[in-house]
Structure formats: structure tokens, C-alpha cells
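So this block is final_18.cif, mmCIF, C-alpha atoms:
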```
data_my_file
loop_
_atom_site.group_PDB
_atom_site.id
_atom_site.type_symbol
_atom_site.label_atom_id
_atom_site.label_comp_id
_atom_site.auth_asym_id
_atom_site.auth_seq_id
_atom_site.Cartn_x
_atom_site.Cartn_y
_atom_site.Cartn_z
ATOM 1 C CA ALA R 597 -40.467 -92.299 -187.943
ATOM 2 C CA ASP R 598 -42.098 -91.799 -184.551
ATOM 3 C CA SER R 599 -38.743 -91.350 -182.894
ATOM 4 C CA ARG R 600 -37.727 -88.777 -185.501
ATOM 5 C CA GLN R 601 -40.912 -86.821 -184.895
ATOM 6 C CA VAL R 602 -40.282 -86.917 -181.173
ATOM 7 C CA GLU R 603 -36.724 -85.683 -181.719
ATOM 8 C CA LEU R 604 -37.998 -82.985 -184.085
ATOM 9 C CA VAL R 605 -40.534 -81.800 -181.500
ATOM 10 C CA ALA R 606 -37.844 -81.778 -178.827
ATOM 11 C CA VAL R 607 -35.498 -79.777 -181.086
ATOM 12 C CA ARG R 608 -38.254 -77.292 -181.874
ATOM 13 C CA THR R 609 -39.013 -76.963 -178.169
ATOM 14 C CA GLN R 610 -35.346 -76.272 -177.451
ATOM 15 C CA VAL R 611 -35.232 -73.757 -180.307
ATOM 16 C CA GLU R 612 -38.268 -71.947 -178.905
ATOM 17 C CA GLU R 613 -36.695 -71.900 -175.428
ATOM 18 C CA LEU R 614 -33.452 -70.550 -176.861
ATOM 19 C CA LYS R 615 -35.362 -67.860 -178.780
ATOM 20 C CA SER R 616 -37.186 -66.930 -175.572
ATOM 21 C CA ARG R 617 -33.899 -66.784 -173.656
ATOM 22 C CA VAL R 618 -32.311 -64.687 -176.435
ATOM 23 C CA GLY R 619 -35.269 -62.263 -176.285
ATOM 24 C CA ASP R 620 -35.002 -62.018 -172.504
ATOM 25 C CA ALA R 621 -31.248 -61.445 -172.802
ATOM 26 C CA ALA R 622 -31.847 -58.718 -175.410
ATOM 27 C CA ARG R 623 -34.382 -56.989 -173.191
ATOM 28 C CA GLU R 624 -32.018 -57.218 -170.179
ATOM 29 C CA PHE R 625 -29.189 -55.836 -172.346
ATOM 30 C CA ALA R 626 -31.383 -52.895 -173.452
ATOM 31 C CA ALA R 627 -32.402 -52.209 -169.828
ATOM 32 C CA THR R 628 -28.762 -52.413 -168.765
ATOM 33 C CA GLU R 629 -27.751 -49.953 -171.508
ATOM 34 C CA ALA R 630 -30.540 -47.563 -170.368
ATOM 35 C CA ARG R 631 -29.385 -47.792 -166.752
ATOM 36 C CA LEU R 632 -25.758 -47.267 -167.859
ATOM 37 C CA ALA R 633 -26.745 -44.146 -169.803
ATOM 38 C CA GLN R 634 -28.683 -42.846 -166.790
ATOM 39 C CA GLU R 635 -25.742 -43.565 -164.461
ATOM 40 C CA ARG R 636 -23.394 -41.770 -166.881
ATOM 41 C CA SER R 637 -25.712 -38.753 -166.956
ATOM 42 C CA GLN R 638 -25.929 -38.715 -163.167
ATOM 43 C CA SER R 639 -22.137 -39.104 -162.938
ATOM 44 C CA GLU R 640 -21.605 -36.140 -165.298
ATOM 45 C CA THR R 641 -24.077 -34.046 -163.275
ATOM 46 C CA ALA R 642 -22.335 -34.992 -160.027
ATOM 47 C CA THR R 643 -18.950 -34.139 -161.579
ATOM 48 C CA ARG R 644 -20.209 -30.701 -162.633
ATOM 49 C CA ASP R 645 -21.693 -30.118 -159.148
ATOM 50 C CA LEU R 646 -18.400 -31.214 -157.573
ATOM 51 C CA THR R 647 -16.448 -28.831 -159.839
ATOM 52 C CA ASP R 648 -18.795 -25.963 -158.989
ATOM 53 C CA ALA R 649 -18.544 -26.749 -155.269
ATOM 54 C CA ARG R 650 -14.751 -26.815 -155.448
ATOM 55 C CA GLY R 651 -14.782 -23.451 -157.223
ATOM 56 C CA ARG R 652 -17.042 -22.012 -154.526
ATOM 57 C CA VAL R 653 -14.756 -23.434 -151.822
ATOM 58 C CA GLU R 654 -11.745 -21.783 -153.468
ATOM 59 C CA ASN R 655 -13.611 -18.465 -153.696
ATOM 60 C CA LEU R 656 -14.705 -18.675 -150.069
ATOM 61 C CA SER R 657 -11.168 -19.588 -149.009
ATOM 62 C CA GLN R 658 -9.915 -16.478 -150.790
ATOM 63 C CA ARG R 659 -12.572 -14.408 -149.002
ATOM 64 C CA VAL R 660 -11.501 -15.875 -145.662
ATOM 65 C CA THR R 661 -7.886 -14.984 -146.467
ATOM 66 C CA ASP R 662 -8.904 -11.420 -147.335
ATOM 67 C CA LEU R 663 -10.920 -11.122 -144.126
ATOM 68 C CA ASP R 664 -7.959 -12.467 -142.141
ATOM 69 C CA ARG R 665 -5.836 -9.700 -143.610
ATOM 70 C CA GLN R 666 -8.515 -7.152 -142.718
ATOM 71 C CA LEU R 667 -8.664 -8.566 -139.191
ATOM 72 C CA ILE R 668 -4.892 -8.197 -138.835
ATOM 73 C CA VAL R 669 -5.161 -4.594 -140.009
ATOM 74 C CA GLN R 670 -8.014 -3.988 -137.547
ATOM 75 C CA VAL R 671 -5.950 -5.498 -134.709
ATOM 76 C CA LYS R 672 -3.024 -3.240 -135.561
ATOM 77 C CA GLU R 673 -5.340 -0.236 -135.652
ATOM 78 C CA ALA R 674 -6.785 -1.313 -132.306
ATOM 79 C CA GLU R 675 -3.267 -1.487 -130.854
ATOM 80 C CA MET R 676 -2.542 1.987 -132.213
ATOM 81 C CA LEU R 677 -5.780 3.290 -130.717
ATOM 82 C CA GLY R 678 -4.901 1.615 -127.424
ATOM 83 C CA ASN R 679 -1.529 3.337 -127.406
ATOM 84 C CA ARG R 680 -3.231 6.620 -128.240
ATOM 85 C CA VAL R 681 -5.757 6.140 -125.433
ATOM 86 C CA THR R 682 -2.889 5.415 -123.047
ATOM 87 C CA ASP R 683 -1.199 8.615 -124.182
ATOM 88 C CA LEU R 684 -4.457 10.542 -123.725
ATOM 89 C CA GLU R 685 -4.893 9.072 -120.250
ATOM 90 C CA THR R 686 -1.349 10.149 -119.380
ATOM 91 C CA ARG R 687 -2.094 13.635 -120.664
ATOM 92 C CA LEU R 688 -5.355 13.609 -118.721
ATOM 93 C CA ALA R 689 -3.503 12.703 -115.509
ATOM 94 C CA THR R 690 -0.987 15.474 -116.167
ATOM 95 C CA GLN R 691 -3.759 17.989 -116.816
ATOM 96 C CA GLY R 692 -5.457 16.847 -113.602
ATOM 97 C CA LYS R 693 -2.275 17.479 -111.640
ATOM 98 C CA LEU R 694 -1.915 20.912 -113.211
ATOM 99 C CA LEU R 695 -5.532 21.660 -112.399
ATOM 100 C CA ALA R 696 -5.013 20.630 -108.784
ATOM 101 C CA GLU R 697 -1.932 22.861 -108.592
ATOM 102 C CA ARG R 698 -3.916 25.757 -110.081
ATOM 103 C CA GLU R 699 -6.696 25.218 -107.578
ATOM 104 C CA PHE R 700 -4.166 25.231 -104.751
ATOM 105 C CA GLU R 701 -2.664 28.447 -106.118
ATOM 106 C CA ASN R 702 -6.148 29.927 -106.449
ATOM 107 C CA GLY R 703 -6.812 29.106 -102.793
ATOM 108 C CA GLN R 704 -3.597 30.795 -101.737
ATOM 109 C CA LEU R 705 -4.422 33.840 -103.869
ATOM 110 C CA LYS R 706 -7.902 34.025 -102.349
ATOM 111 C CA GLN R 707 -6.394 33.918 -98.855
ATOM 112 C CA ALA R 708 -3.855 36.595 -99.798
ATOM 113 C CA ASN R 709 -6.632 38.695 -101.335
ATOM 114 C CA ALA R 710 -8.739 38.386 -98.191
ATOM 115 C CA ALA R 711 -5.746 39.347 -96.035
ATOM 116 C CA ALA R 712 -5.022 42.319 -98.317
ATOM 117 C CA GLU R 713 -8.641 43.449 -98.134
ATOM 118 C CA ARG R 714 -8.538 43.287 -94.347
ATOM 119 C CA THR R 715 -5.287 45.269 -94.332
ATOM 120 C CA VAL R 716 -6.760 47.883 -96.681
ATOM 121 C CA GLN R 717 -9.830 48.188 -94.503
ATOM 122 C CA GLU R 718 -7.717 48.640 -91.391
ATOM 123 C CA LEU R 719 -5.567 51.231 -93.133
ATOM 124 C CA ARG R 720 -8.638 53.080 -94.347
ATOM 125 C CA GLU R 721 -9.999 53.174 -90.852
ATOM 126 C CA GLU R 722 -6.661 54.469 -89.494
ATOM 127 C CA ILE R 723 -6.398 57.115 -92.242
ATOM 128 C CA ALA R 724 -9.964 58.211 -91.698
ATOM 129 C CA ALA R 725 -9.295 58.476 -87.964
ATOM 130 C CA THR R 726 -6.098 60.522 -88.366
ATOM 131 C CA SER R 727 -6.270 62.842 -91.380
ATOM 132 C CA GLY R 728 -9.274 61.798 -93.451
ATOM 133 C CA GLY R 729 -7.211 62.080 -96.737
ATOM 134 C CA LYS R 730 -5.409 59.788 -99.139
ATOM 135 C CA SER R 731 -1.798 58.690 -98.784
ATOM 136 C CA SER R 732 0.800 56.927 -100.890
ATOM 137 C CA VAL R 733 0.511 53.809 -98.692
ATOM 138 C CA LEU R 734 -3.207 53.477 -99.470
ATOM 139 C CA GLU R 735 -2.575 53.914 -103.199
ATOM 140 C CA LYS R 736 0.108 51.235 -103.097
ATOM 141 C CA LEU R 737 -2.213 48.835 -101.354
ATOM 142 C CA ARG R 738 -4.887 49.486 -103.977
ATOM 143 C CA GLN R 739 -2.416 48.699 -106.725
ATOM 144 C CA GLU R 740 -1.374 45.491 -104.987
ATOM 145 C CA LYS R 741 -5.039 44.515 -104.627
ATOM 146 C CA ALA R 742 -5.660 45.121 -108.346
ATOM 147 C CA ALA R 743 -2.600 43.010 -109.252
ATOM 148 C CA VAL R 744 -3.785 40.163 -107.001
ATOM 149 C CA GLU R 745 -7.266 40.292 -108.542
ATOM 150 C CA GLU R 746 -5.756 40.176 -112.044
ATOM 151 C CA GLN R 747 -3.676 37.111 -111.112
ATOM 152 C CA LEU R 748 -6.798 35.469 -109.690
ATOM 153 C CA ARG R 749 -8.708 36.138 -112.942
ATOM 154 C CA VAL R 750 -5.884 34.680 -115.076
ATOM 155 C CA ALA R 751 -5.769 31.598 -112.849
ATOM 156 C CA ARG R 752 -9.532 31.108 -113.226
ATOM 157 C CA ASP R 753 -9.268 31.409 -117.030
ATOM 158 C CA GLU R 754 -6.479 28.827 -117.140
ATOM 159 C CA ARG R 755 -8.499 26.492 -114.940
ATOM 160 C CA GLY R 756 -11.503 26.724 -117.292
ATOM 161 C CA LYS R 757 -9.308 26.040 -120.321
ATOM 162 C CA LEU R 758 -7.748 22.977 -118.667
ATOM 163 C CA GLN R 759 -11.190 21.641 -117.766
ATOM 164 C CA ARG R 760 -12.373 22.000 -121.382
ATOM 165 C CA ASP R 761 -9.260 20.184 -122.662
ATOM 166 C CA ILE R 762 -9.865 17.310 -120.224
ATOM 167 C CA ASN R 763 -13.500 16.967 -121.323
ATOM 168 C CA ALA R 764 -12.489 16.929 -125.006
ATOM 169 C CA ILE R 765 -9.864 14.226 -124.375
ATOM 170 C CA GLN R 766 -12.376 12.047 -122.520
ATOM 171 C CA GLN R 767 -14.975 12.340 -125.318
ATOM 172 C CA GLN R 768 -12.383 11.512 -127.982
ATOM 173 C CA ALA R 769 -11.213 8.394 -126.115
ATOM 174 C CA GLU R 770 -14.781 7.109 -125.567
ATOM 175 C CA SER R 771 -15.718 7.665 -129.247
ATOM 176 C CA SER R 772 -12.579 5.844 -130.484
ATOM 177 C CA TRP R 773 -13.233 2.785 -128.291
ATOM 178 C CA ALA R 774 -16.941 2.583 -129.289
ATOM 179 C CA THR R 775 -16.122 2.695 -133.026
ATOM 180 C CA GLU R 776 -13.394 0.065 -132.674
ATOM 181 C CA ARG R 777 -15.665 -2.375 -130.783
ATOM 182 C CA MET R 778 -18.428 -2.056 -133.408
ATOM 183 C CA GLU R 779 -16.039 -2.648 -136.358
ATOM 184 C CA ASN R 780 -14.466 -5.707 -134.688
ATOM 185 C CA ALA R 781 -17.903 -7.196 -133.972
ATOM 186 C CA LEU R 782 -19.015 -6.793 -137.626
ATOM 187 C CA LEU R 783 -15.754 -8.303 -138.911
ATOM 188 C CA ARG R 784 -16.105 -11.338 -136.602
ATOM 189 C CA GLU R 785 -19.693 -11.886 -137.842
ATOM 190 C CA ARG R 786 -18.540 -11.863 -141.503
ATOM 191 C CA ILE R 787 -15.702 -14.338 -140.787
ATOM 192 C CA ASN R 788 -18.089 -16.690 -138.929
ATOM 193 C CA ASP R 789 -20.596 -16.620 -141.827
ATOM 194 C CA ILE R 790 -17.923 -17.512 -144.404
ATOM 195 C CA ALA R 791 -16.459 -20.237 -142.156
ATOM 196 C CA ALA R 792 -19.923 -21.830 -141.825
ATOM 197 C CA GLU R 793 -20.403 -21.778 -145.611
ATOM 198 C CA VAL R 794 -16.954 -23.344 -146.184
ATOM 199 C CA ALA R 795 -17.760 -26.072 -143.644
ATOM 200 C CA LYS R 796 -21.095 -26.818 -145.393
ATOM 201 C CA LEU R 797 -19.357 -27.207 -148.767
ATOM 202 C CA ALA R 798 -16.681 -29.395 -147.162
ATOM 203 C CA ILE R 799 -19.459 -31.666 -145.795
ATOM 204 C CA GLN R 800 -20.938 -31.957 -149.313
ATOM 205 C CA LEU R 801 -17.516 -32.831 -150.760
ATOM 206 C CA GLU R 802 -16.628 -35.390 -148.070
ATOM 207 C CA GLY R 803 -20.002 -37.154 -148.241
ATOM 208 C CA PRO R 804 -21.838 -39.062 -145.465
ATOM 209 C CA ASN R 805 -18.570 -39.978 -143.659
ATOM 210 C CA SER R 806 -17.626 -36.328 -143.125
ATOM 211 C CA ALA R 807 -15.700 -35.584 -139.930
ATOM 212 C CA ILE R 808 -17.434 -32.210 -139.731
ATOM 213 C CA GLU R 809 -20.838 -33.959 -139.832
ATOM 214 C CA ALA R 810 -19.727 -36.138 -136.888
ATOM 215 C CA MET R 811 -18.631 -33.043 -134.954
ATOM 216 C CA LEU R 812 -22.014 -31.408 -135.614
ATOM 217 C CA ALA R 813 -23.808 -34.533 -134.383
ATOM 218 C CA ALA R 814 -21.761 -34.434 -131.160
ATOM 219 C CA GLU R 815 -22.435 -30.688 -130.697
ATOM 220 C CA PRO R 816 -25.582 -30.068 -128.533
ATOM 221 C CA THR R 817 -28.396 -28.241 -130.350
ATOM 222 C CA VAL R 818 -29.444 -24.884 -128.825
ATOM 223 C CA PRO R 819 -33.199 -24.113 -128.974
ATOM 224 C CA ALA R 820 -34.157 -21.394 -131.443
ATOM 225 C CA LYS R 821 -35.723 -19.244 -128.692
ATOM 226 C CA ALA R 822 -32.370 -19.075 -126.893
ATOM 227 C CA ALA R 823 -30.680 -17.175 -129.776
ATOM 228 C CA ALA R 824 -30.248 -13.473 -129.074
ATOM 229 C CA LYS R 825 -31.355 -10.780 -131.480
ATOM 230 C CA PRO R 826 -28.674 -8.931 -133.513
ATOM 231 C CA ALA R 827 -27.101 -6.027 -131.691
ATOM 232 C CA ASN R 828 -27.667 -3.615 -134.571
ATOM 233 C CA GLY R 829 -31.319 -4.603 -135.080
ATOM 234 C CA ALA R 830 -30.688 -6.052 -138.564
ATOM 235 C CA ALA R 831 -32.802 -8.994 -139.708
ATOM 236 C CA PRO R 832 -30.929 -12.329 -139.999
ATOM 237 C CA GLY R 833 -30.328 -13.557 -143.534
ATOM 238 C CA ASN R 834 -29.655 -16.839 -145.404
ATOM 239 C CA GLY R 835 -31.436 -18.886 -142.747
ATOM 240 C CA MET R 836 -28.920 -17.916 -140.083
ATOM 241 C CA PRO R 837 -30.029 -17.962 -136.416
ATOM 242 C CA GLU R 838 -30.613 -14.540 -134.909
ATOM 243 C CA GLY R 839 -27.505 -12.949 -133.398
ATOM 244 C CA GLY R 840 -25.163 -15.233 -135.475
ATOM 245 C CA GLY R 841 -24.965 -18.126 -132.957
ATOM 246 C CA THR R 842 -22.142 -20.649 -132.804
ATOM 247 C CA LEU R 843 -20.380 -22.072 -135.880
ATOM 248 C CA ALA R 844 -22.325 -25.350 -135.519
ATOM 249 C CA GLU R 845 -25.642 -23.487 -135.465
ATOM 250 C CA ARG R 846 -24.645 -21.527 -138.586
ATOM 251 C CA ILE R 847 -23.737 -24.743 -140.450
ATOM 252 C CA ARG R 848 -27.031 -26.409 -139.448
ATOM 253 C CA ALA R 849 -28.943 -23.325 -140.601
ATOM 254 C CA LEU R 850 -27.170 -23.388 -143.988
ATOM 255 C CA GLN R 851 -27.929 -27.113 -144.395
ATOM 256 C CA SER R 852 -31.601 -26.546 -143.552
ATOM 257 C CA HIS R 853 -31.803 -23.645 -146.007
ATOM 258 C CA ALA R 854 -30.186 -25.735 -148.796
ATOM 259 C CA SER R 855 -32.560 -28.652 -148.065
ATOM 260 C CA ARG R 856 -35.611 -26.366 -148.340
ATOM 261 C CA ALA R 857 -34.249 -24.904 -151.592
ATOM 262 C CA ARG R 858 -33.847 -28.411 -153.111
ATOM 263 C CA GLN R 859 -37.360 -29.386 -152.040
ATOM 264 C CA GLN R 860 -38.818 -26.241 -153.611
ATOM 265 C CA GLY R 861 -36.802 -26.792 -156.791
ATOM 266 C CA ALA R 862 -38.034 -30.407 -156.945
#
```
Can you present the structure in this file as C-alpha cells?
Amino acid sequence: ADSRQVELVAVRTQVEELKSRVGDAAREFAATEARLAQERSQSETATRDLTDARGRVENLSQRVTDLDRQLIVQVKEAEMLGNRVTDLETRLATQGKLLAEREFENGQLKQANAAAERTVQELREEIAATSGGKSSVLEKLRQEKAAVEEQLRVARDERGKLQRDINAIQQQAESSWATERMENALLRERINDIAAEVAKLAIQLEGPNSAIEAMLAAEPTVPAKAAAKPANGAAPGNGMPEGGGTLAERIRALQSHASRARQQGA
């Protein structure tokens, strides 16, 4: 009877231990199910974020393609403007030659006019010394003088017109080049901004082993004070460094801005 009681106590002890182990296993199973549900929720959230990021990458890629097309159009327009400026420079050189020829002709006409005036004066003195009246020779000389003066006036008018044409051509060429440089600079800034945003999304998609992240780590960091202010005086946006900066600086600025946004949202 004593041995049976001992066996019964031992069996009860084992049953209690098994019940305790079953309870522990049930609690571990419940905790595991809770963790699995949490991991599934996090996985679904990550999948949605990945889908959204891919959509944004596709949209940004389309924008880059559109900007590439615009850049090609701008380059073609720049080539056309360059050809036009070359044509205007050729016309300017031609007008300069014509102006020089007119000036040379004006000099010759001035010399001829001075010689004619001296001849008229001499003839007047001779006529006054001989008869004191008018003659056909004097009248002819006066007519020749008037014709020479008229030619001189026409030459001066043509010279003024040529000078005005040259000034207008120079102003047109300078205005065309200034507008083209400003448009190209703005287009390059837009392409750099979109490229930085695409690179940031690519880093998020690739994860901690991103090749772009390694390139950024190898790229030396430029102090913030070294960035130049924008040429047009506009304030920098989206956390970008002033004056645009390099592509690496733009990507770092976007990462910093996204990190601050997550911290504020948290």
C-alpha cells in the first residue's frame, strides 16, 4: 500500500508537471501567433510601401524621359541659335566692310570737295580781278559743288543707317545667347533634382547593401557653408543645398529631409 501511494504521488507530480508544460506551451503558442500576426501586418505594410515606391520610381523615370526630350529640343534650338548668330556675325562683318568702304569714299569726297572749294575761290578771285561779273564757268563749278555736297550727304545717311543695323544685330545676338544660357541652366537643375529623387528611392528599394549608398559613402562631404546661393535668388526647397550642389549632396539632403519627416510623424 505504501508503494502504491508513492507511485500515485509520483504520477500526480508528473501530471502536474505535464499540465504546467502544456500551459507554458499554450502561452508560447499564443505569443508566437501574436508575433506572426504582427510580422504579417508589417510585411503587408512593407509591401504597400514597396509598391508605392515602385510607382513613384516609374513616375520619376517618365519625368526624366520627358526632360531628356526637352533637353534634346533645347540643344537643337541652341544649335539653330548658334547658326543664326554665326550668320549675324557674317552679316556684321559684311556691314563693317561696307561701312569702311563708305568711310573711304566719304574721305575722298571730302578731299574732292575741298579741292573744288579751293578752285572756286581761285576762280572767284580771278573773275573779280578781271571783269567783276558772273560767267558760265563759275556757274558750272557751283553746280558741281552742289552735286558733290549732295553725294556727301547721301553717303553720311547711308553710313548712319549701316551703323544702326550693326547695333541692332549685336543687341539681338546678345539677347538670344543670354536667354539660351538661362533656359539651359534651369533645365539642368530640374534634371538633377529628379535624378537625386530617383537615386533616393533606388536606395530604399535596394536596402542597406545598396551600391548607391556605398558610392555616397565614398563621396567626400562638402561643408554647407561652401554651397553657393542660387543664381536667380530663389530659396532652396525640399531640403536641397543652396545652388543645387552635386548629385551626392542632393541625395543626402533628400535622405535627411525624409528622416526628419519620419521623426516628426513618429
### Query
By how many Å are atom CA of R:Trp773 and atom CA of R:Val669 apart?
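If I compute the distance from atom CA of R:Trp773 to atom CA of R:Val669, I get 16.0 Å.
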### Task
Could you tell me which residues the PyMOL selection byres ((chain R and resi 779) around 12) returns for this structure, as an MDAnalysis selection string?
chainID R and resid 666:667 669:671 673:674 772:778 780:786 828
### Message
Counting only C-alpha atoms, which residue out of R:Gln704, R:Asn709, R:Thr609, R:Gln800 sits closest to R:Thr647?
### Response
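Of R:Gln704, R:Asn709, R:Thr609, R:Gln800, the one nearest R:Thr647, counting only C-alpha atoms, is R:Gln800.
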#### Entry: Counting all atoms listed in the file, the residue of R:Met676, R:Ile799, R:Leu684, R:Val794 that sits nearest R:Gly651
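Of all the options, R:Val794 lies closest to R:Gly651.
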## Note on the structure
One residue among R:Val618, R:Leu737, R:Arg698, R:Leu663 is nearest to R:Gln717 when using only C-alpha atoms, and that residue is R:Leu737
### Task
Any chance you could resolve the PyMOL selection byres ((chain R and resi 747-763) around 7) against this file and give the residues as a VMD selection string?
chain R and resid 688 691 695 698 702 705 743 to 746 764 to 767
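Atom CA of R:Glu685 to atom CA of R:Glu699 spans 20.6 Å [interatomic distance, one decimal].
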### Task
Report the distance between atom CA of R:Gly678 and atom CA of R:Ala769 in Å, rounded to one decimal place.
9.4 Å
